[in-house]
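Next comes coords.pdb, with PDB, C-alpha atoms, pLDDT in the B column.
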ATOM      1  CA  MET G1346      31.155  13.693  27.374  1.00 81.00           C
ATOM      2  CA  SER G1347      29.167  14.930  30.352  1.00 88.00           C
ATOM      3  CA  ASN G1348      30.841  15.966  33.590  1.00 94.00           C
ATOM      4  CA  MET G1349      29.169  13.044  35.348  1.00 94.00           C
ATOM      5  CA  ALA G1350      30.563  10.566  32.817  1.00 93.00           C
ATOM      6  CA  MET G1351      34.044  12.052  33.149  1.00 95.00           C
ATOM      7  CA  GLU G1352      33.812  11.862  36.940  1.00 96.00           C
ATOM      8  CA  ALA G1353      32.638   8.231  36.731  1.00 95.00           C
ATOM      9  CA  ALA G1354      35.564   7.409  34.442  1.00 95.00           C
ATOM     10  CA  ARG G1355      37.978   9.139  36.831  1.00 96.00           C
ATOM     11  CA  LEU G1356      36.590   7.190  39.782  1.00 97.00           C
ATOM     12  CA  ILE G1357      36.725   3.867  37.922  1.00 96.00           C
ATOM     13  CA  ASP G1358      40.320   4.614  36.924  1.00 96.00           C
ATOM     14  CA  MET G1359      41.235   4.817  40.623  1.00 97.00           C
ATOM     15  CA  LEU G1360      40.130   1.216  41.218  1.00 97.00           C
ATOM     16  CA  PRO G1361      42.346  -1.860  40.958  1.00 97.00           C
ATOM     17  CA  GLU G1362      42.197  -3.465  37.507  1.00 96.00           C
ATOM     18  CA  ALA G1363      39.909  -6.332  38.577  1.00 96.00           C
ATOM     19  CA  ASP G1364      37.422  -3.868  40.064  1.00 97.00           C
ATOM     20  CA  GLN G1365      37.653  -1.688  36.937  1.00 97.00           C
ATOM     21  CA  THR G1366      36.629  -4.702  34.884  1.00 96.00           C
ATOM     22  CA  PHE G1367      33.733  -5.408  37.253  1.00 97.00           C
ATOM     23  CA  ALA G1368      32.569  -1.764  37.083  1.00 97.00           C
ATOM     24  CA  PHE G1369      32.803  -1.760  33.289  1.00 95.00           C
ATOM     25  CA  GLU G1370      30.778  -4.977  32.971  1.00 96.00           C
ATOM     26  CA  PHE G1371      28.185  -3.599  35.404  1.00 96.00           C
ATOM     27  CA  ILE G1372      27.818  -0.413  33.347  1.00 94.00           C
ATOM     28  CA  LYS G1373      27.409  -2.495  30.168  1.00 92.00           C
ATOM     29  CA  LYS G1374      24.610  -4.461  31.876  1.00 94.00           C
ATOM     30  CA  LEU G1375      22.883  -1.224  32.882  1.00 93.00           C
ATOM     31  CA  VAL G1376      23.049   0.164  29.359  1.00 89.00           C
ATOM     32  CA  ARG G1377      21.809  -3.074  27.816  1.00 90.00           C
ATOM     33  CA  ALA G1378      18.930  -3.232  30.287  1.00 92.00           C
ATOM     34  CA  TRP G1379      18.018   0.357  29.431  1.00 86.00           C
ATOM     35  CA  ASP G1380      18.348  -0.171  25.663  1.00 86.00           C
ATOM     36  CA  PRO G1381      18.903  -3.810  24.664  1.00 84.00           C
ATOM     37  CA  ASP G1382      18.710  -3.037  20.927  1.00 84.00           C
ATOM     38  CA  TYR G1383      20.818   0.161  21.099  1.00 80.00           C
ATOM     39  CA  THR G1384      17.955   2.108  19.505  1.00 85.00           C
ATOM     40  CA  LYS G1385      17.278   4.775  22.138  1.00 88.00           C
ATOM     41  CA  VAL G1386      18.961   8.129  21.958  1.00 87.00           C
ATOM     42  CA  THR G1387      20.134  10.359  24.758  1.00 85.00           C
ATOM     43  CA  PRO G1388      18.806  13.923  25.078  1.00 89.00           C
ATOM     44  CA  ASP G1389      22.060  15.202  23.513  1.00 90.00           C
ATOM     45  CA  GLU G1390      21.769  12.766  20.602  1.00 90.00           C
ATOM     46  CA  SER G1391      18.122  13.735  20.115  1.00 91.00           C
ATOM     47  CA  GLN G1392      19.112  17.403  19.896  1.00 93.00           C
ATOM     48  CA  GLN G1393      21.895  16.599  17.414  1.00 91.00           C
ATOM     49  CA  ILE G1394      19.467  14.619  15.249  1.00 88.00           C
ATOM     50  CA  GLU G1395      16.936  17.461  15.311  1.00 89.00           C
ATOM     51  CA  GLU G1396      19.625  20.012  14.353  1.00 90.00           C
ATOM     52  CA  ALA G1397      20.848  17.775  11.525  1.00 84.00           C
ATOM     53  CA  GLU G1398      17.334  17.335  10.166  1.00 82.00           C
ATOM     54  CA  LYS G1399      16.737  21.095  10.206  1.00 88.00           C
ATOM     55  CA  SER G1400      20.085  21.847   8.559  1.00 87.00           C
ATOM     56  CA  GLY G1401      19.262  20.401   5.162  1.00 78.00           C
ATOM     57  CA  PHE G1402      20.075  16.822   6.115  1.00 71.00           C
ATOM     58  CA  ILE G1403      19.646  14.409   3.219  1.00 77.00           C
ATOM     59  CA  ASP G1404      18.943  10.756   3.940  1.00 80.00           C
ATOM     60  CA  GLU G1405      21.464   8.425   2.311  1.00 85.00           C
ATOM     61  CA  GLU G1406      18.652   6.625   0.498  1.00 88.00           C
ATOM     62  CA  ASP G1407      17.618   9.904  -1.176  1.00 86.00           C
ATOM     63  CA  ILE G1408      21.065  10.568  -2.695  1.00 87.00           C
ATOM     64  CA  ASP G1409      21.635   9.815  -6.362  1.00 88.00           C
ATOM     65  CA  TRP G1410      25.155   8.441  -5.977  1.00 90.00           C
ATOM     66  CA  ASP G1411      25.646   8.220  -9.742  1.00 92.00           C
ATOM     67  CA  ASN G1412      24.967  11.950 -10.215  1.00 88.00           C
ATOM     68  CA  LEU G1413      26.588  13.692  -7.260  1.00 86.00           C
ATOM     69  CA  SER G1414      27.318  16.820  -9.318  1.00 87.00           C
ATOM     70  CA  LYS G1415      23.672  17.883  -9.017  1.00 81.00           C
ATOM     71  CA  TYR G1416      24.264  18.463  -5.268  1.00 76.00           C
ATOM     72  CA  ALA G1417      27.195  20.848  -5.803  1.00 76.00           C
ATOM     73  CA  ASP G1418      26.615  24.510  -5.038  1.00 64.00           C
TER
END
Representation of the structure as structure tokens:
Amino acid sequence: MSNMAMEAARLIDMLPEADQTFAFEFIKKLVRAWDPDYTKVTPDESQQIEEAEKSGFIDEEDIDWDNLSKYAD
């Protein structure tokens, strides 16, 4: 979690419960407006995806689940 996100969480935690709920719902609206289908990735997620793809990542659809022994070292 980024420092900014942790600071936001700390600040929200200081609010009364009703205001915490309001802040949470507002943040959800912001995220949904930014990515209504939850398909965008953050810069950190993009980097993690790139690292996974370069590391020998195998797509689930490419795995022969009936013959997993062929993937053993």
(message) My list of candidates is G:Ile1357, G:Glu1352, G:Asp1389, G:Thr1384. Which is closest to Phe1371 in chain G when distances are computed with all atoms listed in the file?
(response) G:Ile1357
(request) Could you please determine the separation between CA of Ser1391 in chain G and CA of Trp1379 in chain G in Å, to one decimal place? (result) 16.3 Å
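For Ala1368 in chain G, the non-local neighbours within 12 Å, defined as residues at least 3 positions apart in the same chain or in other chains and counting only C-alpha atoms, are Ala1353, Ala1354, Leu1356, Ile1357, Asp1358, Met1359, Leu1360, Pro1361, Glu1362, Ala1363, Asp1364, Gln1365, Phe1371, Ile1372, Lys1373, Lys1374 and Leu1375 of chain G.
If you look at CA of Pro1388 in chain G and CA of Ser1400 in chain G, they are 18.4 Å away from each other.
Relative to CA of Gly1401 in chain G, CA of Leu1413 in chain G is found at 15.9 Å.
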4 Å per side around range 1371-1384 of chain G: axis-aligned box centre and edge lengths, as lines of an AutoDock Vina configuration file:
center_x = 23.1
center_y = -1.2
center_z = 27.5
size_x = 18.2
size_y = 14.6
size_z = 23.9
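Using only C-alpha atoms, the nearest neighbour of Ser1347 in chain G within the list G:Thr1387, G:Phe1367, G:Pro1381, G:Gln1392 is G:Thr1387.
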